[in-house]
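This report concerns only the one structure given below.
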Amino acid sequence: MKLDRTSMLYGTLILTGTSIVSQFLGFVYRILLSRLIGAEVMGLYQLIMPVFSVIMALTAVGLTVAVSNLSSQYHARGNRAAIAQVLRRCLAVFLLLFAAVAAVVVLLYDPISVYLLGDARTQLGLLLLLPCILLTGVENLHKHFFYGTGNIRPPAAVELCEQFIRTGAVLGLLVVFLPQNPERTVGLIVTGMILCELFSAVTLLLLARRHLNRAGGLTGAPLEHRQLNRRIASIAVPIGLTSLLGNLMGSATSVLIPQRLVHAGAEVSEAMSAFGVLCGMTLPMLSLPTVFLGAMSLVLVPRLARSAALGRQDQVRRQIDRALSAVSVLTLPAMGMMTVLGPDLGTLLFGQEKVGEHLIPLAAAMALSCYQSTFGAALNGIGRQGGAAWISILCDGVQLAFTAVLVARPGVGISGYVLGTLVTAALGLALCAWQVVRATGLKLKLFQWATAPGLAALLMALVTNLLYQVLRDSGLSLPHSLTAALFFGGVLYLAALNAQGVHLRELFHL
């Protein structure tokens with residue numbers, strides 16, 4: 001049997017595979033990057049990335065969703081002329097918005113770096129971000145044109161190539177030009193990012209033009225300009241504003257961490273190093289085992305939407321139940337392993353002993369966030385996107401409050417951010433679960449979702465910890481000890497699940 005390349009399943013498989021490979025390549029890239037530049041420069045690099053997110057939210061996020069939605073609608077009607085109109089208009093609006101924002105950044109980059117970001121060494125990276133954002137916006141608009149028209153392969157292939165090009169460009173520039181001062185090192189990283197975004201933007205632009213001009217050209221009736229503007233604005237404005245608000249609070253949290261650490265008595269370099277280790281090493285390491293979440297959402301959301309549209313509430317509840325069970329049996333053992341092996345694993349991967357600090361509360365917060373993400377995907381699938389959005393914004397506000405108040409306290413420091421992460425994850429999970437239960441009538445199955453996999457993960461973690469210590473004391477090398485402990489722990493976990501009547505084949509039949 002041949003898989004239909006226009007089907008949802010085909011697109012989901014392509015995007016899922018691309019996402020997993022891209023995230024793996026990105027994690028390897030982050031490991032090599034951290035070893036080349038160190039914790040302090042990693043902190044500086046992490047400090048300018050919120051600017052990237054905020055400007056993208058302000059200029060491009062809403063427009064990309066508008067391109068995807070409207071392209072899908074007009075593609076179904078065979079109106080290629082309207083699709084081209086939508087793409088051109090959104091591209092023009094993005095360029096106007098970007099020009100205005102870029103002018104502000106160029107004029108005020110010094111006070112932005114000193115007073116908002118809290119470190120003058122971010123100036124060069126901040127200016128170099130502008131061409132990177134311009135190219136990323138052009139890339140994303142054309143990428144979502146392909147998503148909307150159901151042509152998944154071009155953006156997937158370009159995304160994979162982009163990961164390889166970014167890794168080679170950034171690491172190559174660092175190898176050739178290091179050592180440099182921290183500001184120039186950040187500038188080298190952003191320059192490598194510009195090179196890979198240049199490839200992606202130009203390639204997708206040319207592919208989109210070729211796609212629109214083939215098969216008889218731009219067929220269909222073009223849209224009236226006011227009607228086109230209204231349709232784009234009705235989608236782009238609310239989504240853009242929601243994204244902007246969430247990114248502003250998330251960015252404020254990131255920027256505040258090193259500033260509040262300095263306020264608590266830490267040296268600037270020490271605060272930047274702690275920030276770089278936490279956000280550039282520890283959290284990415286913990287999030288690596290959760291790569292399946294994006295793939296599962298790609299499967300879950302359209303299926304829930306279809307079931308909800310057909311009024312099949314029993315099927316909606318069954319799909320959410322299986323998704324939550326799948327999250328449990330995958331996330332809990334991964335976080336259990338991280339609490340046991342994470343400190344030595346972080347030292348092996350990043351060369352930083354402090355990667356292992358705060359692993360237990362952060363692993364717990366990551367597990368709660370995985371549950372919250374699944375409930376959030378369920379809300380999106382059943383048409384409650386507004387509920388998921390306000391919960392996300394509320395949680396960002398709570399995290400910001402914890403960071404502003406607790407991190408500056410002497411003796412608390414970065415632990416205040418960690419506590420805020422844990423509280424925020426628990427709050428978000430509770431609110432999302434409440435919304436889903438109220439909307440679908442879903443019954444909470446605590447034994448299946450938490451107790452059974454939780455007990456199996458606890459047993460696995462305790463035994464794995466004992467085995468790992470014995471192997472290390474016997475003189476076995478760190479990589480071999482980690483590999484043996486991971487393998488034995490995985491087998492023990494599966495056996496414990498099976499003993500409690502939890503069968504993986506049933507759970508993953510989504």
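Every chain in the structure tokens has a letter given in the order shown (A, B, ...), and although residue numbers restart at 1 in each chain, ligands are simply numbered from 1 in the order shown.
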
Exercise. Neighbours of Ile360 in chain A within 12 Å (only C-alpha atoms; same-chain residues fewer than 6 positions away dropped), as a VMD selection string?
Worked result: chain A and resid 282 to 283 286 335 to 343 366 to 367 415 418 to 419 422 461

Exercise. Among range 144-377 of chain A, which ones does DSSP place in alpha helix (DSSP H), written as number ranges by chain?
Worked result: A: 144-148, 153-177, 182-213, 225-263, 268-277, 283-287, 292-309, 313-350, 359-377

Could you name the residues that touch Leu478 in chain A at 12 Å or less, counting only C-alpha atoms, but leaving out those on the same chain fewer than 4 positions away, as a PDB file with N, CA, C and O atoms, in the first residue's frame?
```pdb
ATOM      1  N   LEU A 341      20.741  10.092  37.328  1.00  0.00           N
ATOM      2  CA  LEU A 341      21.926  10.139  36.478  1.00  0.00           C
ATOM      3  C   LEU A 341      22.241  11.540  35.959  1.00  0.00           C
ATOM      4  O   LEU A 341      23.298  11.748  35.364  1.00  0.00           O
ATOM      5  N   PRO A 343      23.156  14.540  37.276  1.00  0.00           N
ATOM      6  CA  PRO A 343      24.376  15.278  37.633  1.00  0.00           C
ATOM      7  C   PRO A 343      25.607  14.816  36.857  1.00  0.00           C
ATOM      8  O   PRO A 343      26.334  15.640  36.284  1.00  0.00           O
ATOM      9  N   ASP A 344      25.840  13.503  36.805  1.00  0.00           N
ATOM     10  CA  ASP A 344      26.998  13.003  36.053  1.00  0.00           C
ATOM     11  C   ASP A 344      26.791  13.132  34.558  1.00  0.00           C
ATOM     12  O   ASP A 344      27.750  13.365  33.801  1.00  0.00           O
ATOM     13  N   LEU A 345      25.550  12.982  34.098  1.00  0.00           N
ATOM     14  CA  LEU A 345      25.262  13.146  32.680  1.00  0.00           C
ATOM     15  C   LEU A 345      25.524  14.585  32.244  1.00  0.00           C
ATOM     16  O   LEU A 345      26.083  14.831  31.165  1.00  0.00           O
ATOM     17  N   GLY A 346      25.126  15.559  33.073  1.00  0.00           N
ATOM     18  CA  GLY A 346      25.378  16.959  32.756  1.00  0.00           C
ATOM     19  C   GLY A 346      26.861  17.273  32.704  1.00  0.00           C
ATOM     20  O   GLY A 346      27.331  18.008  31.833  1.00  0.00           O
ATOM     21  N   THR A 347      27.626  16.691  33.635  1.00  0.00           N
ATOM     22  CA  THR A 347      29.076  16.891  33.628  1.00  0.00           C
ATOM     23  C   THR A 347      29.699  16.282  32.384  1.00  0.00           C
ATOM     24  O   THR A 347      30.582  16.875  31.756  1.00  0.00           O
ATOM     25  N   LEU A 348      29.223  15.094  31.998  1.00  0.00           N
ATOM     26  CA  LEU A 348      29.753  14.420  30.810  1.00  0.00           C
ATOM     27  C   LEU A 348      29.441  15.205  29.540  1.00  0.00           C
ATOM     28  O   LEU A 348      30.297  15.360  28.670  1.00  0.00           O
ATOM     29  N   LEU A 349      28.206  15.714  29.422  1.00  0.00           N
ATOM     30  CA  LEU A 349      27.787  16.380  28.195  1.00  0.00           C
ATOM     31  C   LEU A 349      28.305  17.810  28.101  1.00  0.00           C
ATOM     32  O   LEU A 349      28.817  18.227  27.063  1.00  0.00           O
ATOM     33  N   TYR A 468      24.050   1.986  39.652  1.00  0.00           N
ATOM     34  CA  TYR A 468      25.000   2.962  39.106  1.00  0.00           C
ATOM     35  C   TYR A 468      26.151   3.217  40.076  1.00  0.00           C
ATOM     36  O   TYR A 468      27.325   3.274  39.673  1.00  0.00           O
ATOM     37  N   GLN A 469      25.821   3.348  41.360  1.00  0.00           N
ATOM     38  CA  GLN A 469      26.871   3.576  42.347  1.00  0.00           C
ATOM     39  C   GLN A 469      27.806   2.374  42.455  1.00  0.00           C
ATOM     40  O   GLN A 469      29.030   2.530  42.592  1.00  0.00           O
ATOM     41  N   VAL A 470      27.247   1.179  42.395  1.00  0.00           N
ATOM     42  CA  VAL A 470      28.082  -0.024  42.455  1.00  0.00           C
ATOM     43  C   VAL A 470      29.026  -0.080  41.250  1.00  0.00           C
ATOM     44  O   VAL A 470      30.222  -0.397  41.380  1.00  0.00           O
ATOM     45  N   LEU A 471      28.509   0.217  40.070  1.00  0.00           N
ATOM     46  CA  LEU A 471      29.335   0.193  38.865  1.00  0.00           C
ATOM     47  C   LEU A 471      30.442   1.237  38.922  1.00  0.00           C
ATOM     48  O   LEU A 471      31.586   0.968  38.523  1.00  0.00           O
ATOM     49  N   ARG A 472      30.115   2.414  39.416  1.00  0.00           N
ATOM     50  CA  ARG A 472      31.146   3.459  39.527  1.00  0.00           C
ATOM     51  C   ARG A 472      32.203   3.092  40.556  1.00  0.00           C
ATOM     52  O   ARG A 472      33.399   3.311  40.334  1.00  0.00           O
ATOM     53  N   ASP A 473      31.760   2.512  41.694  1.00  0.00           N
ATOM     54  CA  ASP A 473      32.720   2.124  42.729  1.00  0.00           C
ATOM     55  C   ASP A 473      33.611   0.972  42.273  1.00  0.00           C
ATOM     56  O   ASP A 473      34.746   0.829  42.761  1.00  0.00           O
ATOM     57  N   SER A 474      33.112   0.164  41.347  1.00  0.00           N
ATOM     58  CA  SER A 474      33.914  -0.957  40.854  1.00  0.00           C
ATOM     59  C   SER A 474      34.944  -0.532  39.818  1.00  0.00           C
ATOM     60  O   SER A 474      35.731  -1.353  39.345  1.00  0.00           O
ATOM     61  N   LEU A 482      26.750   4.778  32.840  1.00  0.00           N
ATOM     62  CA  LEU A 482      25.475   5.412  32.466  1.00  0.00           C
ATOM     63  C   LEU A 482      24.684   4.531  31.506  1.00  0.00           C
ATOM     64  O   LEU A 482      23.473   4.352  31.669  1.00  0.00           O
ATOM     65  N   THR A 483      25.356   3.964  30.523  1.00  0.00           N
ATOM     66  CA  THR A 483      24.672   3.123  29.536  1.00  0.00           C
ATOM     67  C   THR A 483      24.071   1.886  30.191  1.00  0.00           C
ATOM     68  O   THR A 483      22.907   1.534  29.946  1.00  0.00           O
ATOM     69  N   ALA A 484      24.862   1.217  31.045  1.00  0.00           N
ATOM     70  CA  ALA A 484      24.368   0.010  31.711  1.00  0.00           C
ATOM     71  C   ALA A 484      23.198   0.327  32.632  1.00  0.00           C
ATOM     72  O   ALA A 484      22.198  -0.410  32.676  1.00  0.00           O
ATOM     73  N   ALA A 485      23.291   1.434  33.369  1.00  0.00           N
ATOM     74  CA  ALA A 485      22.223   1.808  34.296  1.00  0.00           C
ATOM     75  C   ALA A 485      20.943   2.160  33.537  1.00  0.00           C
ATOM     76  O   ALA A 485      19.833   1.782  33.955  1.00  0.00           O
TER      77      ALA A 485
END
```

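Take the candidates A:Ala66, A:Leu288, A:Leu126, A:Leu160 and check each one against Arg30 in chain A using only C-alpha atoms; the shortest distance goes to A:Leu288.
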
Problem set entry | Proximity to Val491 in chain A - best of A:Pro179, A:Pro284, A:Pro333, A:Gly43, only C-alpha atoms | A:Pro333

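Distance-wise, CA of Leu116 in chain A and CA of Ala252 in chain A end up 8.8 Å apart.
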
Range 219-334 of chain A near range 49-61 of chain A within 9 Å: what's each residue's closest atom pair and its distance in Å to one decimal, counting only C-alpha atoms, ordered by chain then ascending residue number, as JSON lines?
```
{"residue": "A:Ala236", "atom": "CA", "partner": "A:Val61", "partner_atom": "CA", "distance": 7.6}
{"residue": "A:Ile239", "atom": "CA", "partner": "A:Val61", "partner_atom": "CA", "distance": 7.4}
{"residue": "A:Gly240", "atom": "CA", "partner": "A:Val61", "partner_atom": "CA", "distance": 5.7}
{"residue": "A:Leu241", "atom": "CA", "partner": "A:Leu58", "partner_atom": "CA", "distance": 7.4}
{"residue": "A:Thr242", "atom": "CA", "partner": "A:Ala57", "partner_atom": "CA", "distance": 8.7}
{"residue": "A:Ser243", "atom": "CA", "partner": "A:Ala57", "partner_atom": "CA", "distance": 5.7}
{"residue": "A:Leu244", "atom": "CA", "partner": "A:Ala57", "partner_atom": "CA", "distance": 4.9}
{"residue": "A:Leu245", "atom": "CA", "partner": "A:Ala57", "partner_atom": "CA", "distance": 8.6}
{"residue": "A:Gly246", "atom": "CA", "partner": "A:Val54", "partner_atom": "CA", "distance": 8.9}
{"residue": "A:Asn247", "atom": "CA", "partner": "A:Val54", "partner_atom": "CA", "distance": 5.5}
{"residue": "A:Leu248", "atom": "CA", "partner": "A:Val54", "partner_atom": "CA", "distance": 6.1}
{"residue": "A:Gly250", "atom": "CA", "partner": "A:Pro50", "partner_atom": "CA", "distance": 7.6}
{"residue": "A:Ser251", "atom": "CA", "partner": "A:Pro50", "partner_atom": "CA", "distance": 4.7}
{"residue": "A:Ala252", "atom": "CA", "partner": "A:Pro50", "partner_atom": "CA", "distance": 8.0}
{"residue": "A:Ser254", "atom": "CA", "partner": "A:Pro50", "partner_atom": "CA", "distance": 7.2}
{"residue": "A:Val255", "atom": "CA", "partner": "A:Pro50", "partner_atom": "CA", "distance": 7.7}
```

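Every protein, DNA or RNA residue with an atom at most 9 Å from range 165-169 of chain A, where only C-alpha atoms count and chain neighbours fewer than 4 positions away do not, is listed here: A:Leu25, A:Gly26, A:Val28, A:Tyr29, A:Arg30, A:Leu33, A:Leu160, A:Cys161, A:Leu173, A:Leu174, A:Ile189, A:Thr191, A:Gly192, A:Met193, A:Ile194, A:Leu195, A:Cys196, A:Glu197, A:Phe199.
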
Problem set entry | Exercise: Ala457 in chain A partners within 12 Å, only C-alpha atoms, chain neighbours under 6 positions left out, as JSON, numbers by chain | {"A": [328, 329, 330, 331, 332, 333, 334, 335, 336, 337, 338, 339, 340, 450, 451, 463, 464, 465, 489, 490, 491, 492, 493, 494, 495, 496, 497]}

Exercise. Of the candidates A:Leu359, A:Cys132, A:Met281, A:Leu95, which shows the shortest atom-to-atom distance to Ala39 in chain A, using only C-alpha atoms?
Worked result: A:Met281

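Of the listed residues (A:Val114, A:Leu466, A:Thr253, A:Pro154), A:Thr253 comes nearest to Cys395 in chain A; the distances count only C-alpha atoms.
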
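Distances to Leu300 in chain A were evaluated for A:Ala378, A:Leu362, A:Ala425, A:Leu278 using only C-alpha atoms, and the minimum falls at A:Ala378.
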
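When only C-alpha atoms are used to measure the gap to Phe24 in chain A, the shortest distance among A:Met285, A:Ala433, A:Leu124, A:Ala499 belongs to A:Met285.
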
For this session: Name the residues in contact with Leu63 in chain A at a cut-off of 12 Å, using only C-alpha atoms, excluding same-chain residues fewer than 2 positions from it; report them as a ChimeraX atom specification.
Result: /A:56-61,65-71,86-95,97,137-138,140-145,229,231-241,243

Problem set entry | Selection near Ser392 in chain A, 12 Å with only C-alpha atoms, sequence-local residues under 3 positions removed, as a ChimeraX atom specification | /A:242-243,245-247,249-250,369,372-373,375-376,385-389,395-399,424-425,427-429,431-432

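Between CA of Tyr45 in chain A and CA of Thr122 in chain A lies a distance of 7.9 Å.
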